[in-house]
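For reference, target.pdb is printed below; it contains PDB, C-alpha atoms.
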ATOM      1  CA  MET Q   1      36.820 136.133 105.110
ATOM      2  CA  GLU Q   2      36.499 139.865 105.684
ATOM      3  CA  HIS Q   3      35.531 142.548 103.133
ATOM      4  CA  LYS Q   4      39.146 143.549 102.538
ATOM      5  CA  GLU Q   5      40.212 139.967 101.747
ATOM      6  CA  LEU Q   6      37.284 139.452  99.400
ATOM      7  CA  ILE Q   7      37.803 142.690  97.459
ATOM      8  CA  THR Q   8      41.553 141.946  97.326
ATOM      9  CA  GLU Q   9      40.788 138.612  95.647
ATOM     10  CA  ALA Q  10      38.502 140.335  93.123
ATOM     11  CA  VAL Q  11      41.278 142.796  92.276
ATOM     12  CA  ARG Q  12      43.821 139.962  92.001
ATOM     13  CA  LEU Q  13      41.560 138.253  89.471
ATOM     14  CA  ALA Q  14      41.157 141.538  87.565
ATOM     15  CA  THR Q  15      44.915 142.029  87.388
ATOM     16  CA  GLU Q  16      45.401 138.439  86.218
ATOM     17  CA  SER Q  17      42.865 139.016  83.435
ATOM     18  CA  VAL Q  18      44.860 142.016  82.206
ATOM     19  CA  GLU Q  19      48.232 140.276  82.500
ATOM     20  CA  ASN Q  20      46.996 137.251  80.531
ATOM     21  CA  GLY Q  21      45.297 139.352  77.851
ATOM     22  CA  TRP Q  22      41.884 137.863  78.648
ATOM     23  CA  GLY Q  23      40.066 141.175  79.037
ATOM     24  CA  GLY Q  24      39.755 144.385  80.981
ATOM     25  CA  PRO Q  25      40.712 144.910  84.631
ATOM     26  CA  PHE Q  26      37.608 143.352  86.092
ATOM     27  CA  GLY Q  27      37.382 140.502  88.563
ATOM     28  CA  ALA Q  28      34.674 139.350  90.932
ATOM     29  CA  VAL Q  29      33.993 136.890  93.712
ATOM     30  CA  ILE Q  30      30.705 135.758  95.195
ATOM     31  CA  ALA Q  31      30.719 134.896  98.874
ATOM     32  CA  ARG Q  32      28.210 133.273 101.183
ATOM     33  CA  ASP Q  33      28.763 133.388 104.932
ATOM     34  CA  GLY Q  34      32.226 134.889 104.338
ATOM     35  CA  LYS Q  35      33.362 131.995 102.130
ATOM     36  CA  ILE Q  36      34.062 132.375  98.406
ATOM     37  CA  ILE Q  37      31.809 130.117  96.350
ATOM     38  CA  ALA Q  38      32.735 131.498  92.903
ATOM     39  CA  ARG Q  39      35.416 133.550  91.163
ATOM     40  CA  GLY Q  40      35.314 135.194  87.754
ATOM     41  CA  GLN Q  41      37.246 137.477  85.477
ATOM     42  CA  ASN Q  42      36.586 139.550  82.433
ATOM     43  CA  ARG Q  43      37.191 137.257  79.451
ATOM     44  CA  VAL Q  44      35.890 139.380  76.583
ATOM     45  CA  LEU Q  45      39.206 139.372  74.696
ATOM     46  CA  LEU Q  46      39.741 135.671  75.354
ATOM     47  CA  THR Q  47      36.310 134.626  74.061
ATOM     48  CA  GLY Q  48      35.118 137.459  71.815
ATOM     49  CA  ASP Q  49      31.899 137.350  73.853
ATOM     50  CA  PRO Q  50      30.845 140.880  74.896
ATOM     51  CA  THR Q  51      28.848 139.403  77.802
ATOM     52  CA  ALA Q  52      31.878 137.650  79.333
ATOM     53  CA  HIS Q  53      32.160 140.224  82.112
ATOM     54  CA  ALA Q  54      33.548 139.216  85.492
ATOM     55  CA  GLU Q  55      30.218 139.552  87.277
ATOM     56  CA  VAL Q  56      28.310 137.424  84.752
ATOM     57  CA  GLU Q  57      31.050 134.786  84.708
ATOM     58  CA  THR Q  58      31.022 134.690  88.509
ATOM     59  CA  ILE Q  59      27.228 134.433  88.735
ATOM     60  CA  ARG Q  60      27.298 131.505  86.307
ATOM     61  CA  LYS Q  61      29.965 129.737  88.368
ATOM     62  CA  ALA Q  62      28.071 130.356  91.627
ATOM     63  CA  VAL Q  63      24.947 128.837  90.127
ATOM     64  CA  GLN Q  64      26.943 125.815  88.930
ATOM     65  CA  TYR Q  65      28.410 125.409  92.406
ATOM     66  CA  LEU Q  66      25.011 125.632  94.098
ATOM     67  CA  ASN Q  67      23.230 123.521  91.442
ATOM     68  CA  PRO Q  68      25.590 120.638  90.728
ATOM     69  CA  GLU Q  69      22.833 118.791  88.817
ATOM     70  CA  ALA Q  70      22.247 121.664  86.355
ATOM     71  CA  PRO Q  71      21.680 122.133  83.446
ATOM     72  CA  SER Q  72      19.216 119.251  83.555
ATOM     73  CA  ILE Q  73      17.099 120.142  86.571
ATOM     74  CA  ALA Q  74      13.888 118.169  86.125
ATOM     75  CA  GLU Q  75      10.581 119.848  86.979
ATOM     76  CA  GLU Q  76      10.189 117.708  90.089
ATOM     77  CA  HIS Q  77      13.491 119.118  91.399
ATOM     78  CA  GLN Q  78      12.925 122.791  90.554
ATOM     79  CA  ASN Q  79      12.083 123.713  94.125
ATOM     80  CA  GLU Q  80      15.588 122.808  95.272
ATOM     81  CA  SER Q  81      18.837 124.750  95.570
ATOM     82  CA  THR Q  82      18.751 128.178  93.876
ATOM     83  CA  LEU Q  83      15.282 127.482  92.476
ATOM     84  CA  GLU Q  84      13.757 126.913  95.917
ATOM     85  CA  TYR Q  85      10.776 129.190  96.499
ATOM     86  CA  VAL Q  86      11.102 132.029  98.978
ATOM     87  CA  PRO Q  87       8.361 134.498  99.914
ATOM     88  CA  ARG Q  88       8.260 137.976  98.434
ATOM     89  CA  PRO Q  89      10.121 140.403 100.703
ATOM     90  CA  GLU Q  90       7.848 142.559 102.827
ATOM     91  CA  GLY Q  91       7.067 145.850 101.099
ATOM     92  CA  SER Q  92       8.114 144.539  97.675
ATOM     93  CA  PRO Q  93       5.993 145.666  94.707
ATOM     94  CA  ASP Q  94       6.482 142.210  93.128
ATOM     95  CA  PRO Q  95       3.041 140.853  92.119
ATOM     96  CA  VAL Q  96       4.146 137.229  92.628
ATOM     97  CA  PRO Q  97       3.931 135.983  96.254
ATOM     98  CA  GLU Q  98       7.043 133.807  95.968
ATOM     99  CA  ARG Q  99       9.927 133.324  93.564
ATOM    100  CA  ALA Q 100      13.023 131.204  93.228
ATOM    101  CA  ARG Q 101      15.703 132.093  95.772
ATOM    102  CA  MET Q 102      18.537 132.304  93.224
ATOM    103  CA  LEU Q 103      21.619 133.763  94.980
ATOM    104  CA  GLN Q 104      19.928 135.311  98.011
ATOM    105  CA  GLY Q 105      22.265 135.085 100.954
ATOM    106  CA  CYS Q 106      25.287 135.885  98.795
ATOM    107  CA  SER Q 107      27.357 139.030  98.253
ATOM    108  CA  ILE Q 108      29.454 139.981  95.238
ATOM    109  CA  TYR Q 109      32.795 141.771  95.418
ATOM    110  CA  ILE Q 110      33.972 143.464  92.218
ATOM    111  CA  SER Q 111      37.114 145.324  91.214
ATOM    112  CA  GLY Q 112      35.003 148.060  89.579
ATOM    113  CA  ALA Q 113      31.434 149.337  89.724
ATOM    114  CA  PRO Q 114      29.171 147.097  87.650
ATOM    115  CA  CYS Q 115      28.036 148.107  84.184
ATOM    116  CA  PRO Q 116      24.274 148.104  83.495
ATOM    117  CA  MET Q 117      24.333 144.558  82.060
ATOM    118  CA  CYS Q 118      26.105 143.208  85.116
ATOM    119  CA  MET Q 119      23.946 145.192  87.518
ATOM    120  CA  SER Q 120      20.871 143.708  85.835
ATOM    121  CA  ALA Q 121      22.335 140.213  86.227
ATOM    122  CA  ILE Q 122      22.967 140.982  89.907
ATOM    123  CA  TYR Q 123      19.347 142.092  90.369
ATOM    124  CA  TRP Q 124      18.018 139.006  88.569
ATOM    125  CA  SER Q 125      20.212 136.719  90.646
ATOM    126  CA  ARG Q 126      18.923 138.354  93.853
ATOM    127  CA  ILE Q 127      22.366 138.851  95.342
ATOM    128  CA  ASP Q 128      22.017 140.614  98.714
ATOM    129  CA  ALA Q 129      24.911 143.078  98.499
ATOM    130  CA  VAL Q 130      27.376 144.541  95.986
ATOM    131  CA  TYR Q 131      30.816 145.793  97.030
ATOM    132  CA  PHE Q 132      33.188 147.377  94.497
ATOM    133  CA  SER Q 133      36.578 149.011  94.592
ATOM    134  CA  CYS Q 134      36.764 151.463  91.656
ATOM    135  CA  ALA Q 135      33.906 153.855  90.818
ATOM    136  CA  LEU Q 136      32.278 154.470  87.411
ATOM    137  CA  ASP Q 137      34.343 157.654  86.976
ATOM    138  CA  ASP Q 138      37.540 155.645  87.567
ATOM    139  CA  THR Q 139      36.374 153.132  84.965
ATOM    140  CA  ARG Q 140      35.610 155.923  82.481
ATOM    141  CA  ARG Q 141      39.118 157.362  82.921
ATOM    142  CA  ILE Q 142      40.690 154.077  81.756
ATOM    143  CA  GLY Q 143      38.504 153.876  78.639
ATOM    144  CA  PHE Q 144      35.427 151.906  79.744
ATOM    145  CA  ASP Q 145      32.443 154.274  79.769
ATOM    146  CA  ASP Q 146      29.323 152.624  81.118
ATOM    147  CA  SER Q 147      27.652 155.775  82.418
ATOM    148  CA  PHE Q 148      26.062 156.590  79.039
ATOM    149  CA  GLN Q 149      24.135 153.305  79.236
ATOM    150  CA  TYR Q 150      22.722 154.166  82.638
ATOM    151  CA  GLU Q 151      21.694 157.553  81.201
ATOM    152  CA  ASP Q 152      20.239 156.016  78.012
ATOM    153  CA  PHE Q 153      17.948 153.670  79.966
ATOM    154  CA  GLY Q 154      16.234 156.712  81.490
ATOM    155  CA  LYS Q 155      15.196 158.056  78.081
ATOM    156  CA  PRO Q 156      12.003 157.251  76.179
ATOM    157  CA  LEU Q 157      12.507 154.403  73.695
ATOM    158  CA  ASP Q 158      12.449 156.701  70.654
ATOM    159  CA  GLU Q 159      15.314 158.816  72.066
ATOM    160  CA  ARG Q 160      17.768 155.992  72.818
ATOM    161  CA  ARG Q 161      21.073 155.470  71.005
ATOM    162  CA  ILE Q 162      19.990 152.093  69.641
ATOM    163  CA  LYS Q 163      16.760 151.836  67.662
ATOM    164  CA  ILE Q 164      14.231 150.014  69.800
ATOM    165  CA  GLU Q 165      10.584 149.520  68.979
ATOM    166  CA  GLN Q 166       7.811 147.054  69.663
ATOM    167  CA  ILE Q 167       6.591 145.051  66.652
ATOM    168  CA  HIS Q 168       3.821 142.471  66.301
ATOM    169  CA  PRO Q 169       2.774 142.121  69.948
ATOM    170  CA  GLU Q 170       0.091 139.653  68.870
ATOM    171  CA  ILE Q 171       2.825 137.163  67.885
ATOM    172  CA  GLY Q 172       4.749 137.459  71.141
ATOM    173  CA  ALA Q 173       1.520 137.102  73.102
ATOM    174  CA  HIS Q 174       1.462 133.368  72.282
ATOM    175  CA  ALA Q 175       4.580 132.662  74.367
ATOM    176  CA  TYR Q 176       3.254 134.818  77.204
ATOM    177  CA  GLU Q 177      -0.057 132.934  77.106
ATOM    178  CA  ALA Q 178       1.821 129.608  77.240
ATOM    179  CA  TRP Q 179       3.574 130.778  80.430
ATOM    180  CA  THR Q 180       0.393 132.177  81.960
ATOM    181  CA  ASN Q 181      -1.551 128.988  81.229
ATOM    182  CA  LYS Q 182       1.176 126.602  82.479
ATOM    183  CA  PRO Q 183      -0.308 125.199  85.709
ATOM    184  CA  ASN Q 184       3.065 124.302  87.247
ATOM    185  CA  ARG Q 185       5.089 127.352  86.185
ATOM    186  CA  HIS Q 186       8.027 128.123  88.457
ATOM    187  CA  PRO Q 187       8.436 131.908  88.984
ATOM    188  CA  TYR Q 188      12.074 132.989  89.103
TER
END

How does the structure come out when it is put into structure tokens?
Amino acid sequence: MEHKELITEAVRLATESVENGWGGPFGAVIARDGKIIARGQNRVLLTGDPTAHAEVETIRKAVQYLNPEAPSIAEEHQNESTLEYVPRPEGSPDPVPERARMLQGCSIYISGAPCPMCMSAIYWSRIDAVYFSCALDDTRRIGFDDSFQYEDFGKPLDERRIKIEQIHPEIGAHAYEAWTNKPNRHPY
């Protein structure tokens, strides 16, 4: 499928979400080699879950498609499918020499520019490319303002809109030590 067909499907899903009262006008598809492997829609109003954005829903479905044995992937099978190790890209500042592949090799097509939560999920999933139809300003004009979040992330912690502070780092250090000391940890 070509870009136009893929973005058209994302917009169709977005429109369906609105028409069914499931959520805002946001739809997404993830494609690999020009073939759709997952579709998703905004389902915030349907579920009451503020994280049920089209991009997140689509990422979850793509992972299910690529990992049919999940959610019970045993340690001996972690280096398969999306968890297969791939080397750090050349020039990357990543301190780990290899990580799980996740959704490398895939592209996501979205009816609107991703919000910060969805963009973070896209980064974590290692999707190669993001294509969207409507810009952040278009999204703001219809009542969904994500730009303030992008701006807030650039501020020092004590100046952000939501109170955020570090407490008891000595307690959290135990979980970090457990990860660091795990001889067969699987970086992702």

- Message: If we count only C-alpha atoms and set the cut-off at 10 Å, which residues sit around stretch 37-52 of chain Q, ignoring sequence neighbours fewer than 2 positions away in its own chain? Please answer as JSON, numbers by chain.
- Response: {"Q": [9, 10, 11, 12, 13, 14, 15, 16, 17, 18, 20, 21, 22, 23, 24, 25, 26, 27, 28, 29, 30, 31, 32, 33, 34, 35, 54, 55, 56, 57, 58, 59, 60, 61, 62, 63, 64, 65, 66, 106, 108, 109, 110, 111, 117, 118]}

- Output of the PyMOL selection byres ((chain Q and resi 114) around 10), listed as a PyMOL selection string: chain Q and resi 26+53-55+110-113+115-122+130-132+134-136+139+146

- atom CA of Q:Glu75 to atom CA of Q:Tyr188 measures 13.4 Å

- Task: In Å, rounded to a single decimal, give me how far atom CA of Q:Phe144 is from atom CA of Q:Glu19.
- Result: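 Separating atom CA of Q:Glu19 from atom CA of Q:Phe144 is a distance of 17.5 Å.
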
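The residues caught by the PyMOL selection byres ((chain Q and resi 83) around 6) in this file are Gln78, Asn79, Glu80, Ser81, Thr82, Glu84, Ala100, Arg101 and Met102 of chain Q.
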
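We find atom CA of Q:Ala74 and atom CA of Q:Pro187 to be spaced 15.1 Å apart.
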
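The closest residue to Q:His77, picked from Q:Gly143, Q:Gly172, Q:Ile7, Q:His186 and counting only C-alpha atoms, is Q:His186.
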
- What's the 12 Å shell around Q:Pro89, counting all atoms listed in the file, without same-chain residues fewer than 6 positions away, as a PyMOL selection string? chain Q and resi 95-99+101+104+126

- Task: Could you give me, as a ChimeraX atom specification, the residues that have an atom at most 12 Å away from the point (10.7, 136.3, 81.6) in the coordinates of the file, using only C-alpha atoms?
- Result: /Q:124,175-176,178-180,185-188

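With all atoms listed in the file as the basis for measurement, Q:Leu103 is the residue among Q:Ile36, Q:Ile164, Q:Leu103, Q:Val86 that approaches Q:Asn67 most closely.
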